[in-house]
file entry04.csv (CSV, C-alpha atoms)
chain,number,residue,atom,x,y,z
A,19,MET,CA,0.0,0.0,0.0
A,20,LEU,CA,2.1,2.7,-1.3
A,21,LYS,CA,0.3,6.0,-1.3
A,22,ASN,CA,2.7,8.2,0.4
A,23,THR,CA,6.4,8.4,0.6
A,24,PRO,CA,8.3,9.4,3.7
A,25,ASN,CA,7.7,13.1,3.1
A,26,SER,CA,5.0,15.3,4.4
A,27,PRO,CA,1.7,13.7,5.3
A,28,ASP,CA,-0.1,16.9,4.4
A,29,ASP,CA,1.5,17.0,1.0
A,30,PRO,CA,-1.1,18.3,-1.5
A,31,ASN,CA,0.1,15.6,-3.8
A,32,THR,CA,-1.1,12.9,-1.4
A,33,LEU,CA,-3.5,10.6,-3.0
A,34,ASN,CA,-7.0,11.7,-2.2
A,35,ILE,CA,-9.1,8.7,-1.2
A,36,GLY,CA,-11.5,10.8,0.9
A,37,ASN,CA,-9.8,12.4,3.8
A,38,SER,CA,-9.8,15.1,6.4
A,39,PRO,CA,-13.2,16.9,6.8
A,40,ASN,CA,-15.2,13.9,7.9
A,41,ILE,CA,-12.4,12.7,10.1
A,42,ARG,CA,-12.5,15.9,12.0
A,43,ASN,CA,-16.3,15.6,12.3
A,44,ILE,CA,-16.0,12.2,13.7
A,45,ARG,CA,-13.5,13.3,16.2
A,46,ASN,CA,-15.6,16.2,17.3
A,47,ARG,CA,-18.6,14.0,17.7
A,48,LEU,CA,-16.6,11.6,19.9
A,49,GLY,CA,-15.3,14.3,22.1
A,50,ASP,CA,-11.7,14.1,21.2
A,51,PRO,CA,-9.7,12.0,23.6
A,52,GLY,CA,-6.5,13.5,22.2
A,53,HIS,CA,-5.0,16.1,24.4
A,54,GLN,CA,-4.5,19.4,22.6
A,55,SER,CA,-0.9,19.9,23.1
A,56,PRO,CA,0.6,20.9,19.9
A,57,ASP,CA,3.4,18.5,19.1
A,58,LYS,CA,5.1,20.0,16.2
A,59,GLU,CA,8.3,18.2,16.9
A,60,SER,CA,7.0,14.8,16.3
A,61,ALA,CA,4.8,16.1,13.5
A,62,ALA,CA,7.8,16.7,11.3
A,63,PRO,CA,8.4,13.5,9.4
A,64,LEU,CA,11.9,12.2,9.4
A,65,ALA,CA,12.9,14.8,11.9
A,66,PRO,CA,15.3,13.2,14.4
A,67,ALA,CA,13.2,12.6,17.5
A,68,GLU,CA,14.7,14.2,20.5
A,69,GLU,CA,14.9,12.2,23.7
A,70,GLY,CA,12.1,12.9,26.0
A,71,SER,CA,10.7,15.7,23.8
A,72,SER,CA,7.3,14.0,23.5
A,73,PRO,CA,6.5,11.9,26.5
A,74,ASP,CA,3.9,9.3,25.7
A,75,VAL,CA,1.0,10.2,27.9
A,76,PHE,CA,-0.7,6.9,27.1
A,77,GLN,CA,2.1,4.7,28.3
A,78,GLU,CA,0.4,3.8,31.6
A,79,GLY,CA,-3.0,5.0,30.7
A,80,SER,CA,-5.9,2.8,31.9
A,81,SER,CA,-8.6,3.2,29.3
A,82,VAL,CA,-6.8,5.8,27.2
A,83,PRO,CA,-5.0,3.3,25.0
A,84,ARG,CA,-8.4,1.7,24.1
A,85,SER,CA,-10.0,5.0,23.1
A,86,GLU,CA,-6.9,5.9,21.1
A,87,PHE,CA,-7.0,2.5,19.4
A,88,TRP,CA,-10.6,3.1,18.4
A,89,LEU,CA,-9.9,6.6,17.3
A,90,GLY,CA,-7.3,5.2,15.0
A,91,VAL,CA,-9.8,2.7,13.6
A,92,LEU,CA,-12.3,5.4,12.9
A,93,ASP,CA,-9.9,7.8,11.4
A,94,ILE,CA,-8.5,5.2,9.0
A,95,SER,CA,-11.9,4.2,7.6
A,96,PRO,CA,-12.0,6.5,4.6
A,97,LEU,CA,-8.5,5.2,3.7
A,98,ALA,CA,-9.6,1.7,4.4
A,99,LEU,CA,-12.2,2.1,1.7
A,100,GLY,CA,-9.5,2.8,-0.9
A,101,VAL,CA,-7.5,-0.2,0.5
A,102,ALA,CA,-10.6,-2.4,0.1
A,103,ILE,CA,-10.9,-1.6,-3.6
A,104,TYR,CA,-7.3,-2.1,-4.1
A,105,GLY,CA,-7.5,-5.4,-2.2
A,106,LEU,CA,-10.4,-6.7,-4.4
A,107,ALA,CA,-8.3,-5.9,-7.4
A,108,PHE,CA,-5.3,-7.8,-5.9
A,109,GLY,CA,-7.6,-10.8,-5.2
A,110,LEU,CA,-8.5,-10.9,-8.9
A,111,LEU,CA,-4.8,-10.8,-9.8
A,112,ALA,CA,-4.0,-13.5,-7.3
A,113,ALA,CA,-6.6,-15.7,-8.8
A,114,GLN,CA,-4.9,-15.3,-12.2
A,115,ALA,CA,-1.7,-16.6,-10.6
A,116,ALA,CA,-3.7,-19.6,-9.5
A,117,MET,CA,-3.5,-18.6,-5.8
A,118,ASP,CA,-6.3,-19.9,-3.6
A,119,GLU,CA,-8.0,-18.1,-0.7
A,120,LEU,CA,-5.7,-19.6,1.9
A,121,GLU,CA,-2.5,-18.6,0.0
A,122,THR,CA,-3.9,-15.1,-0.6
A,123,GLY,CA,-4.8,-14.7,3.1
A,124,VAL,CA,-1.5,-16.0,4.3
A,125,MET,CA,0.3,-13.6,2.0
A,126,GLY,CA,-1.8,-10.7,3.1
A,127,ALA,CA,-1.3,-11.4,6.8
A,128,LEU,CA,2.4,-12.0,6.7
A,129,VAL,CA,3.6,-9.5,4.1
A,130,PHE,CA,0.9,-6.8,4.6
A,131,ALA,CA,2.4,-4.5,2.0
A,132,GLY,CA,-0.1,-4.2,-0.8
A,133,SER,CA,2.0,-2.6,-3.6
A,134,SER,CA,4.8,-5.1,-3.2
A,135,GLN,CA,2.3,-8.0,-3.2
A,136,ILE,CA,0.8,-6.7,-6.4
A,137,VAL,CA,4.2,-6.2,-8.0
A,138,VAL,CA,5.3,-9.7,-7.1
A,139,VAL,CA,2.2,-11.5,-8.2
A,140,GLU,CA,1.9,-9.4,-11.4
A,141,ARG,CA,5.4,-10.3,-12.3
A,142,LEU,CA,4.7,-14.0,-11.7
A,143,VAL,CA,1.6,-13.8,-13.8
A,144,ALA,CA,3.6,-12.1,-16.5
A,145,GLY,CA,5.9,-15.2,-16.5
A,146,ALA,CA,8.9,-13.7,-14.7
A,147,GLY,CA,11.0,-15.9,-12.5
A,148,ALA,CA,10.2,-16.0,-8.8
A,149,VAL,CA,13.6,-14.5,-7.9
A,150,SER,CA,13.2,-11.4,-10.0
A,151,ALA,CA,9.6,-11.0,-8.9
A,152,VAL,CA,10.7,-11.1,-5.2
A,153,VAL,CA,13.6,-8.7,-5.8
A,154,ALA,CA,11.2,-6.2,-7.3
A,155,GLY,CA,8.9,-6.5,-4.3
A,156,ILE,CA,11.6,-6.2,-1.7
A,157,ALA,CA,13.1,-3.1,-3.5
A,158,LEU,CA,9.7,-1.5,-3.4
A,159,ASN,CA,9.4,-2.1,0.4
A,160,LEU,CA,12.8,-0.5,1.2
A,161,ARG,CA,10.9,2.7,1.7
A,162,LEU,CA,9.3,1.2,4.9
A,163,LEU,CA,12.8,1.6,6.5
A,164,LEU,CA,12.4,5.3,6.4
A,165,VAL,CA,8.7,5.1,7.4
A,166,THR,CA,9.3,3.1,10.7
A,167,ALA,CA,12.5,5.0,11.4
A,168,SER,CA,10.7,8.3,11.2
A,169,ILE,CA,8.3,7.3,14.0
A,170,ARG,CA,10.7,5.2,16.1
A,171,GLU,CA,10.0,7.4,19.2
A,172,VAL,CA,6.5,5.8,19.2
A,173,PHE,CA,8.0,2.4,19.9
A,174,ARG,CA,10.5,3.6,22.5
A,175,GLY,CA,10.3,1.8,25.9
A,176,ARG,CA,7.6,-0.6,24.8
A,177,PRO,CA,7.6,-4.3,25.5
A,178,LEU,CA,9.2,-6.3,22.6
A,179,TRP,CA,5.9,-7.8,21.5
A,180,GLN,CA,4.4,-4.3,21.1
A,181,GLN,CA,7.4,-3.2,19.1
A,182,LEU,CA,7.1,-6.3,16.8
A,183,LEU,CA,3.4,-5.8,16.4
A,184,GLY,CA,3.6,-2.1,15.8
A,185,ALA,CA,6.4,-2.5,13.2
A,186,HIS,CA,4.4,-5.1,11.3
A,187,LEU,CA,1.2,-3.0,11.4
A,188,THR,CA,3.0,0.2,10.1
A,189,THR,CA,1.9,1.0,6.6
A,190,ASP,CA,2.0,4.2,4.5
A,191,GLU,CA,-1.6,4.9,5.3
A,192,ASN,CA,-1.7,4.7,9.1
A,193,TRP,CA,1.8,6.3,9.3
A,194,ALA,CA,0.7,9.3,7.2
A,195,LEU,CA,-2.6,9.5,9.1
A,196,MET,CA,-0.8,9.6,12.5
A,197,LEU,CA,1.6,12.3,11.3
A,198,ALA,CA,-1.3,14.3,9.8
A,199,THR,CA,-3.3,14.0,13.0
A,200,ARG,CA,-0.4,15.2,15.1
A,201,ALA,CA,0.2,18.1,12.7
A,202,ARG,CA,-3.3,19.2,13.7
A,203,GLY,CA,-2.2,19.3,17.3
A,204,VAL,CA,-3.8,16.1,18.5
A,205,THR,CA,-1.4,14.0,20.5
A,206,VAL,CA,-1.7,10.4,19.3
A,207,GLY,CA,0.8,7.6,19.4
A,208,TYR,CA,1.3,3.9,19.5
A,209,TRP,CA,-2.2,2.7,19.9
A,210,TYR,CA,-3.6,5.1,17.3
A,211,LEU,CA,-1.0,3.6,14.9
A,212,VAL,CA,-1.9,0.1,15.9
A,213,GLY,CA,-5.7,0.8,15.7
A,214,GLY,CA,-5.3,2.1,12.1
A,215,GLY,CA,-3.0,-0.7,11.1
A,216,GLY,CA,-5.2,-3.4,12.6
A,217,ALA,CA,-8.2,-2.1,10.8
A,218,LEU,CA,-6.3,-2.0,7.5
A,219,LEU,CA,-5.0,-5.6,8.0
A,220,VAL,CA,-8.6,-6.8,8.5
A,221,THR,CA,-9.8,-4.8,5.6
A,222,TRP,CA,-7.0,-6.1,3.4
A,223,LEU,CA,-7.6,-9.7,4.3
A,224,ILE,CA,-11.3,-9.6,3.7
A,225,ALA,CA,-11.0,-7.6,0.4
A,226,THR,CA,-8.2,-9.8,-1.1
A,227,VAL,CA,-9.9,-13.1,-0.2
A,228,CYS,CA,-13.3,-11.8,-1.5
A,229,GLY,CA,-11.4,-10.8,-4.7
A,230,VAL,CA,-10.2,-14.4,-5.1
A,231,LEU,CA,-13.6,-15.8,-4.5
A,232,PHE,CA,-15.2,-13.3,-6.8
A,233,ALA,CA,-12.7,-14.1,-9.6
A,234,SER,CA,-13.9,-17.6,-9.9
A,235,ALA,CA,-17.2,-16.1,-11.1
A,236,ILE,CA,-15.4,-14.2,-13.8
A,237,PRO,CA,-14.5,-16.5,-16.6
A,238,GLU,CA,-12.2,-14.2,-18.4
A,239,PRO,CA,-10.9,-11.2,-16.4
A,240,ARG,CA,-9.0,-9.8,-19.4
A,241,ALA,CA,-12.3,-9.4,-21.4
A,242,LEU,CA,-13.6,-7.1,-18.7
A,243,GLY,CA,-10.4,-5.0,-18.7
A,244,MET,CA,-9.5,-6.2,-15.2
A,245,ASP,CA,-5.9,-6.7,-16.2
A,246,PHE,CA,-5.6,-3.0,-16.7
A,247,ALA,CA,-6.8,-2.3,-13.2
A,248,PHE,CA,-3.3,-2.4,-11.9
A,249,THR,CA,-1.8,-0.2,-14.6
A,250,ALA,CA,-4.4,2.4,-13.7
A,251,ALA,CA,-3.9,1.9,-10.0
A,252,PHE,CA,-0.1,2.3,-10.3
A,253,ILE,CA,-0.6,5.4,-12.4
A,254,ALA,CA,-2.7,6.9,-9.6
A,255,ILE,CA,-0.1,5.9,-7.0
A,256,ALA,CA,2.7,7.4,-9.1
A,257,ARG,CA,0.7,10.6,-9.1
A,258,SER,CA,0.6,10.6,-5.3
A,259,LEU,CA,4.4,10.0,-5.2
A,260,TRP,CA,5.3,12.9,-7.5
A,261,ARG,CA,7.8,15.2,-5.8
A,262,GLY,CA,8.3,17.8,-8.5
A,263,ASP,CA,11.6,16.4,-9.7
A,264,LEU,CA,11.3,15.3,-13.3
A,265,TRP,CA,14.8,14.0,-13.9
A,266,PRO,CA,14.7,10.8,-11.8
A,267,TRP,CA,11.4,9.7,-13.4
A,268,LEU,CA,12.6,10.6,-16.8
A,269,THR,CA,15.7,8.4,-16.2
A,270,SER,CA,13.5,5.5,-15.1
A,271,VAL,CA,11.1,5.8,-18.1
A,272,ALA,CA,14.0,6.1,-20.5
A,273,VAL,CA,15.9,3.1,-19.1
A,274,VAL,CA,12.7,1.0,-19.1
A,275,ALA,CA,11.8,2.1,-22.7
A,276,LEU,CA,15.3,1.3,-23.9
A,277,VAL,CA,15.4,-2.1,-22.2
A,278,VAL,CA,11.8,-3.2,-23.0
A,279,LEU,CA,11.6,-1.9,-26.6
A,280,GLY,CA,15.1,-3.0,-27.4
A,281,LYS,CA,14.4,-6.4,-25.7
A,282,LEU,CA,17.7,-6.2,-23.9
A,283,LEU,CA,16.5,-7.7,-20.6
A,284,ASP,CA,13.6,-9.4,-18.9
A,285,PRO,CA,10.9,-6.8,-18.1
A,286,SER,CA,11.2,-7.5,-14.4
A,287,HIS,CA,14.8,-6.7,-14.5
A,288,ALA,CA,14.1,-3.6,-16.5
A,289,LEU,CA,11.7,-2.5,-13.7
A,290,VAL,CA,14.3,-2.8,-11.0
A,291,LEU,CA,17.1,-1.3,-13.1
A,292,GLY,CA,14.9,1.7,-14.1
A,293,GLY,CA,13.8,2.2,-10.5
A,294,VAL,CA,17.4,2.1,-9.1
A,295,LEU,CA,18.9,4.3,-11.8
A,296,GLY,CA,16.1,6.8,-11.2
A,297,ALA,CA,16.9,6.8,-7.5
A,298,VAL,CA,20.6,7.2,-8.3
A,299,MET,CA,19.8,10.2,-10.5
A,300,ALA,CA,17.8,11.7,-7.6
A,301,SER,CA,20.7,11.2,-5.2
A,302,TRP,CA,23.1,12.9,-7.6
A,303,ARG,CA,21.0,15.9,-8.1
A,304,LYS,CA,22.2,18.7,-5.8
A,305,GLU,CA,19.1,20.1,-4.2
A,306,GLU,CA,16.6,18.5,-1.8
A,307,THR,CA,13.5,18.3,-3.8
A,308,ALA,CA,11.0,17.1,-1.3
B,30,MET,CA,-4.5,-16.2,-18.6
B,31,THR,CA,-4.3,-18.5,-15.6
B,32,GLN,CA,-0.8,-19.5,-15.0
B,33,ALA,CA,0.1,-21.9,-12.3
B,34,VAL,CA,2.9,-20.7,-10.1
B,35,ALA,CA,4.7,-23.9,-9.1
B,36,ASP,CA,4.9,-23.1,-5.4
B,37,ILE,CA,3.8,-19.7,-4.0
B,38,TYR,CA,4.7,-20.3,-0.4
B,39,PRO,CA,8.5,-19.8,-0.7
B,40,VAL,CA,7.8,-16.6,-2.5
B,41,ILE,CA,5.4,-15.5,0.3
B,42,PHE,CA,7.7,-16.4,3.1
B,43,ILE,CA,10.8,-14.8,1.6
B,44,LEU,CA,8.9,-11.6,0.8
B,45,ALA,CA,7.3,-11.6,4.3
B,46,LEU,CA,10.6,-12.1,6.1
B,47,ALA,CA,12.3,-9.4,4.1
B,48,THR,CA,9.4,-6.9,4.6
B,49,PHE,CA,9.2,-7.5,8.3
B,50,SER,CA,13.0,-7.2,8.6
B,51,ILE,CA,12.9,-3.9,6.8
B,52,ARG,CA,10.1,-2.5,9.1
B,53,LEU,CA,11.9,-3.7,12.2
B,54,SER,CA,15.2,-2.3,11.0
B,55,GLY,CA,13.7,1.1,10.8
B,56,VAL,CA,12.6,0.9,14.4
B,57,LEU,CA,15.9,-0.5,15.6
B,58,LEU,CA,18.4,1.4,13.5
B,59,GLY,CA,16.5,4.6,13.8
B,60,GLN,CA,18.9,7.5,14.1
B,61,ARG,CA,21.7,5.7,12.5
B,62,LEU,CA,19.9,5.8,9.1
B,63,PRO,CA,20.8,8.8,6.9
B,64,GLN,CA,18.2,11.5,7.4
B,65,SER,CA,19.6,13.7,4.6
B,66,GLY,CA,22.3,13.6,2.0
B,67,ARG,CA,22.7,11.4,-1.1
B,68,TRP,CA,21.6,8.1,0.5
B,69,ALA,CA,18.4,9.6,2.0
B,70,ARG,CA,17.6,11.3,-1.3
B,71,GLY,CA,18.0,8.1,-3.2
B,72,LEU,CA,16.0,6.0,-0.8
B,73,LYS,CA,13.2,8.6,-0.8
B,74,ALA,CA,13.1,8.7,-4.6
B,75,LEU,CA,13.2,4.9,-5.0
B,76,PRO,CA,9.5,4.1,-4.6
B,77,GLY,CA,8.3,6.7,-7.1
B,78,CYS,CA,11.0,5.6,-9.6
B,79,LEU,CA,10.1,1.9,-9.2
B,80,ILE,CA,6.4,2.7,-9.6
B,81,ILE,CA,6.9,4.8,-12.7
B,82,SER,CA,9.2,2.1,-14.1
B,83,LEU,CA,6.5,-0.5,-13.5
B,84,VAL,CA,3.9,1.7,-15.2
B,85,SER,CA,6.3,2.0,-18.1
B,86,VAL,CA,6.8,-1.8,-18.3
B,87,LEU,CA,3.1,-2.4,-18.2
B,88,VAL,CA,2.1,0.2,-20.7
B,89,LEU,CA,5.0,-0.5,-23.2
B,90,SER,CA,4.3,-4.2,-23.1
B,91,GLY,CA,0.8,-3.6,-24.4
B,92,GLY,CA,-0.3,-2.2,-27.8
B,93,PRO,CA,-1.8,1.2,-28.9
B,94,ARG,CA,-5.0,0.4,-26.9
B,95,GLU,CA,-3.0,0.1,-23.7
B,96,TRP,CA,-1.1,3.3,-24.5
B,97,LEU,CA,-4.3,5.3,-25.1
B,98,ALA,CA,-5.9,3.9,-22.0
B,99,GLY,CA,-2.8,4.7,-20.0
B,100,ALA,CA,-2.9,8.3,-21.3
B,101,VAL,CA,-6.6,8.6,-20.2
B,102,ALA,CA,-5.8,7.1,-16.8
B,103,THR,CA,-2.9,9.5,-16.4
B,104,ALA,CA,-5.1,12.5,-17.2
B,105,VAL,CA,-7.7,11.4,-14.7
B,106,ALA,CA,-5.0,10.8,-12.0
B,107,LEU,CA,-3.6,14.3,-12.7
B,108,LEU,CA,-6.9,15.9,-12.4
B,109,SER,CA,-8.6,14.0,-9.7
B,110,ARG,CA,-5.8,12.4,-7.6
B,111,SER,CA,-8.3,9.7,-6.9
B,112,LEU,CA,-7.3,6.0,-6.9
B,113,PRO,CA,-10.8,4.5,-7.4
B,114,LEU,CA,-11.7,7.0,-10.1
B,115,THR,CA,-8.5,6.4,-12.0
B,116,MET,CA,-8.9,2.6,-11.8
B,117,ALA,CA,-12.6,2.8,-12.9
B,118,THR,CA,-11.8,5.1,-15.8
B,119,GLY,CA,-8.8,3.0,-16.9
B,120,ILE,CA,-10.8,-0.2,-16.9
B,121,ALA,CA,-13.8,1.4,-18.7
B,122,THR,CA,-11.5,2.9,-21.3
B,123,ILE,CA,-9.6,-0.3,-22.1
B,124,TRP,CA,-12.9,-2.2,-22.2
B,125,LEU,CA,-14.4,0.2,-24.7
B,126,LEU,CA,-11.2,0.2,-26.8
B,127,ARG,CA,-11.0,-3.6,-26.9
B,128,HIS,CA,-14.7,-4.1,-27.8
B,129,PHE,CA,-15.2,-1.3,-30.3
B,130,PHE,CA,-11.9,-0.6,-31.9
call {"tool": "encode", "arguments": {"input": "entry04.csv", "output": "structure tokens"}}
result
Amino acid sequence: MLKNTPNSPDDPNTLNIGNSPNIRNIRNRLGDPGHQSPDKESAAPLAPAEEGSSPDVFQEGSSVPRSEFWLGVLDISPLALGVAIYGLAFGLLAAQAAMDELETGVMGALVFAGSSQIVVVERLVAGAGAVSAVVAGIALNLRLLLVTASIREVFRGRPLWQQLLGAHLTTDENWALMLATRARGVTVGYWYLVGGGGALLVTWLIATVCGVLFASAIPEPRALGMDFAFTAAFIAIARSLWRGDLWPWLTSVAVVALVVLGKLLDPSHALVLGGVLGAVMASWRKEETA
Amino acid sequence: MTQAVADIYPVIFILALATFSIRLSGVLLGQRLPQSGRWARGLKALPGCLIISLVSVLVLSGGPREWLAGAVATAVALLSRSLPLTMATGIATIWLLRHFF
């Protein structure tokens, strides 16, 4: 589920799957349990967290973690709708790769990173080898390193099981949502993240398995244009990742065009090569463009 | 269209292990990761470059119909920034093109 990069959660480029106004309404109706202490420090993504700058008020909170958890669940719901549609589409793709409901469910629960799941299965359906498919998927997930690193203060001092659970449940969506909520001055932390992530995991499992079941009712997905669903989805995702720097993307497209049209390499390798060379171009360019 | 993948479980487990390791590494390594400079810039740019590469592979592997539908989907994405709308328009466009042209 790749809809935001480790940049700013309030980036106007962020993919719009229905966001803030209704969230705010829900929160007002609930009587916001968040304590209105503006926490700009932690709202800045990737800003080095300073020791003790944001004490977690929920650490030994009796019923507070629970309400924070449910606030996370509520706030994520507009985004979960987008994930559900995406998940249905992934289920259709998984069925094309001859995956059954169990395999799809196990994959969703253990991997829980939609865009990489889609890339890997799409590459397998396209006839690429398992190794190049997995390499592409892992490369795509490297961004999660920056995502979890940017909110590491949320995990500090927690028991190991909570750290492991929280790390697994961190996705682009609940990460960005948490930072956006904090940027509005609402102090939310670990349980908010876990609430959003848990809701997304359940949504993802239901939607992907439904997609597999539904696919058996569609004799020929290609005739309905379903194979194009991912191309369109990735175009929308690319739009949300746009950071205003043309050169890296131009490099990627040029490399891929050269390799694919010239039939120099397998398309899966072209994909990784184009992505990496684009990133190299970005790192060479002098200015910070984010 | 259906293509049997010999055994999907090794793929699932390797991807799952790698992904979890990446997530946990962010938590554990934390401050030691580059927050700025060349490596951080490259790492930040990687997802977008991979996605645009994937879009290029998918569109270029198709024919003129896919190219046209890709252009329509791009226009919708630019204007609406909506994932469901872009998917719906893309599917509808390719369906129309395949059936009537």
call {"tool": "interface_residues", "arguments": {"input": "entry04.csv", "of": "chain B", "to": "chain A", "cutoff": "7 Å", "atoms": "all atoms listed in the file", "output": "PyMOL selection string"}}
result
chain B and resi 30-34+40-41+44-45+47-49+51-56+59-60+64+67-68+70-87+99+102-103+106-107+110-113+115-116+119-120+123-124
call {"tool": "residues_around", "arguments": {"input": "entry04.csv", "residues": "Met196 of chain A", "least_positions_apart": "3", "cutoff": "9 Å", "atoms": "all atoms listed in the file", "output": "list in words"}}
result
Pro27, Ala61, Gly90, Glu191, Asn192, Trp193, Thr199, Arg200, Ala201, Val206, Gly207, Tyr210, Leu211 and Gly214 of chain A
call {"tool": "atom_distance", "arguments": {"input": "entry04.csv", "atom1": "atom CA of Phe108 of chain A", "atom2": "atom CA of Val227 of chain A"}}
result
9.0 Å
call {"tool": "atom_distance", "arguments": {"input": "entry04.csv", "atom1": "atom CA of Ala194 of chain A", "atom2": "atom CA of Arg61 of chain B"}}
result
22.0 Å
call {"tool": "residues_around", "arguments": {"input": "entry04.csv", "residues": "Val101 of chain B", "least_positions_apart": "3", "cutoff": "8 Å", "atoms": "only C-alpha atoms", "output": "PyMOL selection string"}}
result
chain B and resi 97-98+104-105+118-119+122
call {"tool": "decode", "arguments": {"input": "entry04.csv", "residues": "segment 124-135 of chain A", "atoms": "N, CA, C and O atoms", "output": "PDB file, in the first residue's frame"}}
result
ATOM      1  N   VAL A 124      -2.773 -15.870   3.672  1.00  0.00           N
ATOM      2  CA  VAL A 124      -1.474 -16.003   4.343  1.00  0.00           C
ATOM      3  C   VAL A 124      -0.525 -14.910   3.858  1.00  0.00           C
ATOM      4  O   VAL A 124       0.161 -14.259   4.645  1.00  0.00           O
ATOM      5  N   MET A 125      -0.528 -14.681   2.546  1.00  0.00           N
ATOM      6  CA  MET A 125       0.342 -13.649   1.997  1.00  0.00           C
ATOM      7  C   MET A 125      -0.019 -12.280   2.566  1.00  0.00           C
ATOM      8  O   MET A 125       0.851 -11.515   2.994  1.00  0.00           O
ATOM      9  N   GLY A 126      -1.326 -11.968   2.589  1.00  0.00           N
ATOM     10  CA  GLY A 126      -1.768 -10.671   3.087  1.00  0.00           C
ATOM     11  C   GLY A 126      -1.412 -10.459   4.546  1.00  0.00           C
ATOM     12  O   GLY A 126      -0.970  -9.388   4.949  1.00  0.00           O
ATOM     13  N   ALA A 127      -1.588 -11.523   5.361  1.00  0.00           N
ATOM     14  CA  ALA A 127      -1.325 -11.402   6.786  1.00  0.00           C
ATOM     15  C   ALA A 127       0.161 -11.270   7.067  1.00  0.00           C
ATOM     16  O   ALA A 127       0.574 -10.500   7.926  1.00  0.00           O
ATOM     17  N   LEU A 128       0.982 -12.023   6.354  1.00  0.00           N
ATOM     18  CA  LEU A 128       2.416 -12.045   6.661  1.00  0.00           C
ATOM     19  C   LEU A 128       3.184 -10.903   5.987  1.00  0.00           C
ATOM     20  O   LEU A 128       4.101 -10.350   6.576  1.00  0.00           O
ATOM     21  N   VAL A 129       2.822 -10.591   4.763  1.00  0.00           N
ATOM     22  CA  VAL A 129       3.557  -9.543   4.052  1.00  0.00           C
ATOM     23  C   VAL A 129       2.973  -8.174   4.404  1.00  0.00           C
ATOM     24  O   VAL A 129       3.679  -7.265   4.810  1.00  0.00           O
ATOM     25  N   PHE A 130       1.652  -8.030   4.242  1.00  0.00           N
ATOM     26  CA  PHE A 130       0.928  -6.805   4.596  1.00  0.00           C
ATOM     27  C   PHE A 130       1.603  -5.568   4.017  1.00  0.00           C
ATOM     28  O   PHE A 130       1.893  -4.600   4.708  1.00  0.00           O
ATOM     29  N   ALA A 131       1.879  -5.617   2.731  1.00  0.00           N
ATOM     30  CA  ALA A 131       2.413  -4.461   2.006  1.00  0.00           C
ATOM     31  C   ALA A 131       1.870  -4.585   0.592  1.00  0.00           C
ATOM     32  O   ALA A 131       2.456  -5.255  -0.253  1.00  0.00           O
ATOM     33  N   GLY A 132       0.712  -3.967   0.363  1.00  0.00           N
ATOM     34  CA  GLY A 132      -0.070  -4.223  -0.842  1.00  0.00           C
ATOM     35  C   GLY A 132       0.661  -4.005  -2.149  1.00  0.00           C
ATOM     36  O   GLY A 132       0.593  -4.855  -3.047  1.00  0.00           O
ATOM     37  N   SER A 133       1.368  -2.886  -2.267  1.00  0.00           N
ATOM     38  CA  SER A 133       1.978  -2.604  -3.560  1.00  0.00           C
ATOM     39  C   SER A 133       3.024  -3.660  -3.907  1.00  0.00           C
ATOM     40  O   SER A 133       3.134  -4.083  -5.056  1.00  0.00           O
ATOM     41  N   SER A 134       3.778  -4.127  -2.887  1.00  0.00           N
ATOM     42  CA  SER A 134       4.790  -5.142  -3.191  1.00  0.00           C
ATOM     43  C   SER A 134       4.120  -6.479  -3.516  1.00  0.00           C
ATOM     44  O   SER A 134       4.587  -7.208  -4.387  1.00  0.00           O
ATOM     45  N   GLN A 135       3.011  -6.789  -2.830  1.00  0.00           N
ATOM     46  CA  GLN A 135       2.293  -8.021  -3.154  1.00  0.00           C
ATOM     47  C   GLN A 135       1.819  -7.987  -4.604  1.00  0.00           C
ATOM     48  O   GLN A 135       1.928  -8.966  -5.334  1.00  0.00           O
TER      49      GLN A 135
END
